[in-house]
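Engineer: You'll find input.cif just under this line, and it carries mmCIF, C-alpha atoms (C1' of nucleotides).
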```cif
data_structure
#
loop_
_atom_site.label_atom_id
_atom_site.label_comp_id
_atom_site.auth_asym_id
_atom_site.auth_seq_id
_atom_site.Cartn_x
_atom_site.Cartn_y
_atom_site.Cartn_z
CA MET A 22 -4.38 17.13 -40.88
CA ALA A 23 -2.20 19.12 -38.54
CA SER A 24 -4.52 19.16 -35.55
CA LYS A 25 -6.68 16.35 -34.28
CA THR A 26 -9.75 15.97 -32.11
CA ILE A 27 -9.56 13.92 -28.98
CA GLY A 28 -11.32 11.05 -30.71
CA GLN A 29 -8.66 10.95 -33.37
CA VAL A 30 -5.96 11.02 -30.73
CA VAL A 31 -7.66 8.10 -29.00
CA GLU A 32 -7.41 6.13 -32.24
CA LEU A 33 -3.84 7.21 -32.78
CA THR A 34 -2.45 6.53 -29.32
CA GLY A 35 -4.61 3.80 -27.90
CA LEU A 36 -5.16 5.90 -24.80
CA SER A 37 -8.70 6.53 -23.53
CA ALA A 38 -10.24 9.99 -23.76
CA LYS A 39 -10.62 9.93 -20.00
CA ALA A 40 -6.92 9.27 -19.54
CA ILE A 41 -5.95 11.95 -22.06
CA ARG A 42 -8.07 14.58 -20.31
CA TYR A 43 -6.77 13.43 -16.96
CA TYR A 44 -3.17 13.88 -18.08
CA GLU A 45 -3.95 17.42 -19.10
CA SER A 46 -5.91 18.35 -15.98
CA SER A 47 -3.12 16.90 -13.86
CA GLY A 48 -0.58 19.07 -15.64
CA ILE A 49 1.45 16.11 -16.86
CA VAL A 50 1.12 17.12 -20.48
CA SER A 51 0.86 20.65 -21.90
CA GLU A 52 -2.40 22.51 -21.89
CA ILE A 53 -4.25 21.72 -25.09
CA PRO A 54 -5.50 24.65 -27.19
CA ARG A 55 -9.26 24.87 -27.74
CA ALA A 56 -11.34 25.77 -30.75
CA ASN A 57 -14.22 28.24 -30.48
CA ASN A 58 -16.62 25.47 -29.55
CA GLY A 59 -14.44 24.40 -26.64
CA TYR A 60 -13.13 21.28 -28.33
CA ARG A 61 -9.51 20.36 -27.73
CA PHE A 62 -7.30 20.24 -30.81
CA TYR A 63 -4.05 18.35 -30.63
CA SER A 64 -0.89 19.23 -32.53
CA ASN A 65 1.71 16.63 -33.47
CA GLU A 66 3.77 17.79 -30.51
CA ASN A 67 0.82 17.25 -28.19
CA VAL A 68 0.41 13.76 -29.59
CA ASP A 69 4.10 13.04 -29.09
CA GLU A 70 3.80 14.00 -25.45
CA LEU A 71 0.97 11.54 -25.06
CA LEU A 72 2.87 8.80 -26.85
CA LEU A 73 5.86 9.26 -24.61
CA LEU A 74 3.62 9.26 -21.58
CA LYS A 75 1.94 6.10 -22.74
CA GLY A 76 5.28 4.39 -23.26
CA ALA A 77 6.44 5.44 -19.81
CA ARG A 78 3.21 4.28 -18.15
CA GLU A 79 3.50 0.92 -19.86
CA ALA A 80 7.06 0.74 -18.60
CA GLY A 81 5.70 0.97 -15.08
CA PHE A 82 6.52 4.59 -14.36
CA SER A 83 4.07 6.15 -11.93
CA ILE A 84 2.24 9.33 -12.83
CA ASP A 85 4.56 11.24 -10.55
CA GLN A 86 7.62 9.77 -12.21
CA CYS A 87 6.08 10.55 -15.58
CA ARG A 88 5.69 14.13 -14.51
CA GLN A 89 9.43 14.34 -13.94
CA LEU A 90 10.13 12.50 -17.17
CA MET A 91 8.01 14.95 -19.14
CA ALA A 92 9.82 17.85 -17.52
CA VAL A 93 13.12 16.39 -18.67
CA PHE A 94 11.62 15.75 -22.09
CA HIS A 95 10.77 19.43 -22.45
CA ASP A 96 14.13 20.57 -21.17
CA GLN A 97 16.15 21.70 -24.18
CA ASN A 98 19.34 21.33 -22.19
CA ARG A 99 18.58 17.89 -20.87
CA HIS A 100 21.30 15.30 -20.50
CA SER A 101 20.58 11.75 -21.51
CA SER A 102 22.42 10.78 -18.32
CA ASP A 103 19.49 12.18 -16.32
CA VAL A 104 17.01 10.05 -18.19
CA LYS A 105 19.24 7.05 -17.76
CA ALA A 106 19.51 7.66 -14.02
CA MET A 107 15.72 7.86 -13.66
CA THR A 108 15.35 4.65 -15.63
CA LEU A 109 17.95 2.80 -13.59
CA ALA A 110 16.22 3.90 -10.38
CA GLN A 111 12.94 2.63 -11.79
CA ILE A 112 14.53 -0.73 -12.60
CA THR A 113 15.75 -1.00 -9.02
CA GLN A 114 12.29 -0.23 -7.65
CA ILE A 115 10.62 -2.81 -9.82
CA LYS A 116 13.17 -5.43 -8.88
CA GLN A 117 12.40 -4.78 -5.23
CA ARG A 118 8.72 -5.29 -5.86
CA ILE A 119 9.52 -8.53 -7.66
CA GLU A 120 11.57 -9.76 -4.73
CA LYS A 121 8.79 -9.01 -2.30
CA LEU A 122 6.29 -10.88 -4.46
CA GLN A 123 8.67 -13.80 -4.80
CA SER A 124 9.04 -14.08 -1.04
CA ILE A 125 5.24 -14.17 -0.76
CA VAL A 126 5.11 -16.93 -3.33
CA LEU A 127 7.68 -18.95 -1.41
CA LYS A 128 5.68 -18.56 1.78
CA LEU A 129 2.40 -19.55 0.13
CA GLU A 130 3.99 -22.52 -1.59
CA ALA A 131 5.38 -23.73 1.71
CA LEU A 132 1.92 -23.47 3.26
CA THR A 133 0.18 -25.31 0.43
CA GLU A 134 2.68 -28.12 0.65
CA GLN A 135 1.76 -28.64 4.31
CA CYS A 136 -1.96 -28.58 3.62
CA GLN A 137 -3.60 -31.93 3.04
CA GLY A 138 -6.22 -30.47 0.74
CA ASN A 139 -8.94 -32.90 1.70
CA ASP A 140 -12.52 -32.64 3.02
CA GLN A 141 -11.45 -32.08 6.62
CA PRO A 142 -11.74 -28.62 8.18
CA GLN A 143 -8.29 -28.73 9.72
CA CYS A 144 -6.04 -26.68 7.46
CA SER A 145 -2.39 -25.86 7.97
CA ILE A 146 -2.66 -22.87 5.65
CA ILE A 147 -5.09 -21.21 8.05
CA ASP A 148 -2.96 -22.27 10.99
CA GLY A 149 0.10 -20.87 9.30
CA LEU A 150 -1.51 -17.54 8.47
CA LEU A 151 -2.75 -17.23 12.03
CA LYS A 152 0.75 -17.54 13.41
CA SER A 153 2.59 -15.47 10.85
CA MET B 2 -8.29 -10.51 30.63
CA ALA B 3 -10.87 -12.10 28.42
CA SER B 4 -11.82 -8.99 26.46
CA LYS B 5 -9.54 -6.29 25.20
CA THR B 6 -9.86 -2.69 24.10
CA ILE B 7 -8.85 -1.70 20.63
CA GLY B 8 -5.60 -0.27 21.92
CA GLN B 9 -4.67 -3.60 23.44
CA VAL B 10 -5.55 -5.35 20.20
CA VAL B 11 -3.31 -2.93 18.34
CA GLU B 12 -0.44 -3.96 20.62
CA LEU B 13 -1.30 -7.61 20.25
CA THR B 14 -1.71 -7.79 16.49
CA GLY B 15 0.47 -5.03 15.12
CA LEU B 16 -2.50 -3.76 13.11
CA SER B 17 -3.48 -0.10 13.31
CA ALA B 18 -6.70 0.94 15.02
CA LYS B 19 -7.81 2.45 11.72
CA ALA B 20 -7.32 -0.83 9.92
CA ILE B 21 -9.10 -2.78 12.65
CA ARG B 22 -12.14 -0.52 12.53
CA TYR B 23 -12.06 -0.62 8.77
CA TYR B 24 -12.13 -4.41 8.75
CA GLU B 25 -15.21 -4.32 10.94
CA SER B 26 -17.05 -1.63 9.03
CA SER B 27 -16.32 -3.49 5.81
CA GLY B 28 -17.83 -6.63 7.22
CA ILE B 29 -14.64 -8.63 6.81
CA VAL B 30 -14.48 -9.53 10.48
CA SER B 31 -17.39 -10.07 12.86
CA GLU B 32 -19.18 -7.17 14.44
CA ILE B 33 -17.43 -6.31 17.68
CA PRO B 34 -19.60 -6.05 20.83
CA ARG B 35 -19.64 -2.69 22.61
CA ALA B 36 -19.59 -1.71 26.24
CA ASN B 37 -22.06 0.84 27.61
CA ASN B 38 -19.70 3.66 26.76
CA GLY B 39 -19.56 2.59 23.13
CA TYR B 40 -16.07 1.16 23.35
CA ARG B 41 -15.36 -1.98 21.36
CA PHE B 42 -14.30 -5.01 23.39
CA TYR B 43 -12.56 -7.85 21.64
CA SER B 44 -12.80 -11.51 22.60
CA ASN B 45 -10.03 -13.98 21.83
CA GLU B 46 -12.04 -15.16 18.85
CA ASN B 47 -12.24 -11.61 17.55
CA VAL B 48 -8.48 -11.29 17.93
CA ASP B 49 -7.97 -14.57 16.08
CA GLU B 50 -9.98 -13.27 13.17
CA LEU B 51 -7.77 -10.22 13.01
CA LEU B 52 -4.61 -12.29 13.22
CA LEU B 53 -5.74 -14.51 10.37
CA LEU B 54 -6.66 -11.45 8.37
CA LYS B 55 -3.30 -9.89 9.02
CA GLY B 56 -1.51 -13.05 7.93
CA ALA B 57 -3.57 -13.21 4.76
CA ARG B 58 -2.96 -9.54 3.96
CA GLU B 59 0.77 -10.00 4.42
CA ALA B 60 0.56 -12.96 2.10
CA GLY B 61 -0.74 -10.63 -0.59
CA PHE B 62 -4.43 -11.55 -0.44
CA SER B 63 -6.66 -8.63 -1.40
CA ILE B 64 -9.41 -7.49 0.92
CA ASP B 65 -11.94 -9.18 -1.29
CA GLN B 66 -10.02 -12.44 -1.22
CA CYS B 67 -9.73 -12.08 2.55
CA ARG B 68 -13.48 -11.74 2.76
CA GLN B 69 -13.86 -15.14 1.10
CA LEU B 70 -11.11 -16.59 3.24
CA MET B 71 -12.83 -15.42 6.41
CA ALA B 72 -16.09 -16.92 5.22
CA VAL B 73 -14.35 -20.26 4.78
CA PHE B 74 -12.68 -19.82 8.16
CA HIS B 75 -16.08 -19.47 9.83
CA ASP B 76 -17.56 -22.38 7.92
CA GLN B 77 -17.68 -25.31 10.33
CA ASN B 78 -17.96 -27.70 7.42
CA ARG B 79 -15.10 -26.25 5.47
CA HIS B 80 -12.76 -28.45 3.51
CA SER B 81 -9.05 -27.72 3.60
CA SER B 82 -9.11 -28.40 -0.13
CA ASP B 83 -11.07 -25.17 -0.58
CA VAL B 84 -8.47 -23.16 1.26
CA LYS B 85 -5.75 -24.85 -0.72
CA ALA B 86 -7.48 -24.04 -4.00
CA MET B 87 -7.78 -20.37 -3.05
CA THR B 88 -4.13 -20.29 -2.10
CA LEU B 89 -3.00 -21.94 -5.31
CA ALA B 90 -5.03 -19.44 -7.31
CA GLN B 91 -3.39 -16.64 -5.37
CA ILE B 92 0.05 -18.08 -6.15
CA THR B 93 -0.81 -18.11 -9.84
CA GLN B 94 -1.96 -14.50 -9.74
CA ILE B 95 1.17 -13.32 -8.01
CA LYS B 96 3.36 -15.21 -10.45
CA GLN B 97 1.60 -13.44 -13.30
CA ARG B 98 2.29 -10.09 -11.71
CA ILE B 99 5.93 -11.08 -11.31
CA GLU B 100 6.18 -12.03 -14.97
CA LYS B 101 4.70 -8.74 -16.06
CA LEU B 102 7.15 -6.85 -13.89
CA GLN B 103 10.03 -8.92 -15.21
CA SER B 104 9.12 -8.13 -18.79
CA ILE B 105 9.11 -4.43 -17.89
CA VAL B 106 12.55 -4.78 -16.36
CA LEU B 107 13.85 -6.46 -19.50
CA LYS B 108 12.46 -3.69 -21.64
CA LEU B 109 13.92 -0.96 -19.44
CA GLU B 110 17.29 -2.68 -19.27
CA ALA B 111 17.40 -2.90 -23.05
CA LEU B 112 16.65 0.81 -23.29
CA THR B 113 19.30 1.80 -20.76
CA GLU B 114 21.89 -0.23 -22.61
CA GLN B 115 21.22 1.76 -25.76
CA CYS B 116 21.37 5.11 -23.97
CA GLN B 117 24.75 6.82 -23.96
CA GLY B 118 24.10 8.48 -20.61
CA ASN B 119 26.10 11.60 -21.39
CA ASP B 120 25.43 15.36 -21.40
CA GLN B 121 23.75 15.35 -24.80
CA PRO B 122 19.94 15.73 -25.07
CA GLN B 123 19.57 12.89 -27.56
CA CYS B 124 18.35 9.92 -25.59
CA SER B 125 17.42 6.53 -26.93
CA ILE B 126 15.31 5.79 -23.86
CA ILE B 127 12.99 8.64 -24.76
CA ASP B 128 13.04 7.58 -28.39
CA GLY B 129 12.26 4.03 -27.38
CA LEU B 130 9.37 5.00 -25.11
CA LEU B 131 7.93 7.19 -27.86
CA LYS B 132 7.79 4.31 -30.27
CA SER B 133 6.61 1.61 -27.89
"C1'" DG C 6 -13.04 16.57 44.02
"C1'" DG C 7 -10.55 18.66 40.21
"C1'" DT C 8 -7.33 18.48 36.58
"C1'" DT C 9 -4.33 16.49 33.25
"C1'" DT C 10 -3.35 12.95 30.18
"C1'" DA C 11 -4.44 9.11 27.56
"C1'" DC C 12 -7.85 6.62 25.20
"C1'" DC C 13 -12.01 5.90 22.63
"C1'" DT C 14 -15.81 7.32 19.33
"C1'" DT C 15 -17.59 9.02 14.75
"C1'" DC C 16 -16.97 12.01 10.82
"C1'" DC C 17 -14.89 13.86 6.82
"C1'" DC C 18 -11.26 14.49 3.45
"C1'" DC C 19 -7.14 12.38 1.07
"C1'" DT C 20 -4.49 9.11 -1.54
"C1'" DA C 21 -3.56 6.78 -7.70
"C1'" DA C 22 -5.12 6.61 -12.01
"C1'" DG C 23 -8.46 7.00 -14.13
"C1'" DG C 24 -13.72 4.47 -15.27
"C1'" DG C 25 -18.73 5.05 -15.64
"C1'" DG C 26 -22.25 7.66 -16.60
"C1'" DA C 27 -25.28 11.94 -16.57
"C1'" DA C 28 -26.52 16.29 -18.56
"C1'" DA C 29 -25.78 19.52 -21.95
"C1'" DG C 30 -24.15 21.29 -26.16
"C1'" DG C 31 -21.85 20.82 -31.01
"C1'" DT C 32 -21.37 18.48 -35.57
"C1'" DT C 33 -22.45 15.52 -39.32
"C1'" DA C 34 -25.44 12.80 -42.26
"C1'" DC C 35 -29.74 11.78 -44.12
"C1'" DG D 16 -35.67 18.68 -39.11
"C1'" DT D 17 -33.84 15.08 -36.68
"C1'" DA D 18 -31.13 11.10 -35.62
"C1'" DA D 19 -26.59 9.65 -34.61
"C1'" DC D 20 -22.36 10.70 -33.01
"C1'" DC D 21 -18.90 13.65 -30.87
"C1'" DT D 22 -17.26 16.65 -27.21
"C1'" DT D 23 -17.59 19.18 -22.83
"C1'" DT D 24 -17.82 19.41 -17.66
"C1'" DC D 25 -19.37 17.34 -13.44
"C1'" DC D 26 -19.85 14.00 -9.90
"C1'" DC D 27 -19.42 9.53 -7.78
"C1'" DC D 28 -16.74 5.06 -7.58
"C1'" DT D 29 -12.73 2.16 -6.99
"C1'" DT D 30 -8.14 0.06 -2.76
"C1'" DA D 31 -7.00 -0.14 1.84
"C1'" DG D 32 -6.84 2.38 4.92
"C1'" DG D 33 -4.10 7.35 6.89
"C1'" DG D 34 -4.57 11.97 8.97
"C1'" DG D 35 -6.76 14.74 11.75
"C1'" DA D 36 -10.83 17.20 13.99
"C1'" DA D 37 -14.39 17.29 17.46
"C1'" DG D 38 -16.17 15.32 21.34
"C1'" DG D 39 -17.03 11.83 25.10
"C1'" DT D 40 -14.60 8.54 28.63
"C1'" DA D 41 -11.23 6.60 31.87
"C1'" DA D 42 -7.33 6.42 34.65
"C1'" DA D 43 -3.80 8.78 37.23
"C1'" DC D 44 -2.21 12.32 40.04
"C1'" DC D 45 -2.54 16.08 43.53
#
```
Would you encode the structure as structure tokens?
Structural biologist:
Amino acid sequence: MASKTIGQVVELTGLSAKAIRYYESSGIVSEIPRANNGYRFYSNENVDELLLLKGAREAGFSIDQCRQLMAVFHDQNRHSSDVKAMTLAQITQIKQRIEKLQSIVLKLEALTEQCQGNDQPQCSIIDGLLKS
Amino acid sequence: MASKTIGQVVELTGLSAKAIRYYESSGIVSEIPRANNGYRFYSNENVDELLLLKGAREAGFSIDQCRQLMAVFHDQNRHSSDVKAMTLAQITQIKQRIEKLQSIVLKLEALTEQCQGNDQPQCSIIDGLLKS
DNA sequence: GGTTTACCTTCCCCTAAGGGGAAAGGTTAC
DNA sequence: GTAACCTTTCCCCTTAGGGGAAGGTAAACC
């Protein structure tokens, strides 16, 4: 079975049909050849593109970053150093997001510690948010 | 100066005029009274709502969570325990997001360690993403 | 008073990454 | 033949506003 319908690719990749069509219409993956009835038929190479894309999305790469990644993927003269650089940059970005979230957690934890948490309306969390 | 124009509220709160109007049209803050010319005029209470909202947004609360928070804020019979419960739930959610991001970082770091990062096309990051 | 500048209003389109569902047509099974 | 399932395109929806247009208003300056 060299070429597969979109339903079969859904089974194979775990991606939704909506997502798969979206990736094509956005130009992130190659244009998929059609049969006479208009149905898309996916080659193994097409499926590989989708698998790579899925892996990258699950690794937190944005669609725009994936676009670049796919371009590198299709570059016959690519250097693994380029892929590594993109990945290291991605790691840095995610770590920054983590730090921001951690500072929020610290702030919220400080506020909850001040709050009595009883049946009175006075609440130092609200007071704290008002002043922040 | 008991009531302020939106421009003055922008100065006062650091929020954008777009955001302030959005909060009103979304029903998150109270409806703002208008002058004859249609201009909004903000009372101190209106400004307080916006300040609380801003603090909550900066603390990572979503607009929908802010909506609930504002409802509690306006509830004369509120219990600080309710606010505390919402805040603790928010802390839990953020911690989950942090954990997810951390697992992504671990995965990406493992991949970069395997990648040679040279001028060859073979790249274990791509291979790893394809299989994941 | 007239003009310029700054401010306010609503309105519409745009973002990211698809999801939901309609309407229409194709394919398969009974 | 027809029921069930598959595929197609199309349009609206989501978050939390941003950008900018078109038009009315207010304050400042001459």
Engineer: Might you spell out which residues the PyMOL selection byres ((chain D) within 8 of (chain B)) would select in the displayed file, as a PyMOL selection string?
Structural biologist: chain D and resi 31-33+40
Engineer: Which residues fall under the PyMOL selection byres ((chain C) within 10 of (chain B)) in this file, as number ranges by chain?
Structural biologist: C: 12-14
Engineer: With only C-alpha atoms counted and 6 Å as the cut-off, give the residues of chain B in contact with chain A, each with its shortest interatomic distance in Å and the pair that gives it, as CSV.
Structural biologist:
```
residue,atom,partner,partner_atom,distance
B:Leu52,CA,A:Leu151,CA,5.4
B:Leu53,CA,A:Leu151,CA,4.4
B:Gly56,CA,A:Leu150,CA,4.5
B:Ala60,CA,A:Ile125,CA,5.6
B:Arg79,CA,A:Pro142,CA,4.9
B:His80,CA,A:Asp140,CA,4.2
B:Ser81,CA,A:Gly138,CA,4.9
B:Ser82,CA,A:Gly138,CA,3.7
B:Lys85,CA,A:Gly138,CA,5.8
B:Ile92,CA,A:Val126,CA,5.9
B:Ile99,CA,A:Ile119,CA,5.7
B:Ile105,CA,A:Ala80,CA,5.6
B:Val106,CA,A:Ile112,CA,5.9
B:Gly118,CA,A:Ser102,CA,3.7
B:Asn119,CA,A:Ser102,CA,4.9
B:Asp120,CA,A:His100,CA,4.2
B:Gln121,CA,A:His100,CA,4.9
B:Pro122,CA,A:His100,CA,4.8
B:Cys124,CA,A:Ser101,CA,5.0
B:Leu130,CA,A:Gly76,CA,4.5
B:Leu131,CA,A:Leu73,CA,4.4
B:Ser133,CA,A:Gly76,CA,5.6
```
Engineer: Determine the residue set returned by the PyMOL selection byres ((chain D and resi 26-29) around 9) for the present structure, and present it as a list in words.
Structural biologist: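 What the PyMOL selection byres ((chain D and resi 26-29) around 9) grabs from the file is DG24, DG25 and DA27 of chain C; DC25 and DT30 of chain D.
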Engineer: Please indicate the distance in Å from C1' of DG38 (chain D) to C1' of DC19 (chain C), rounded to one decimal place.
Structural biologist: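 A separation of 22.4 Å between them.
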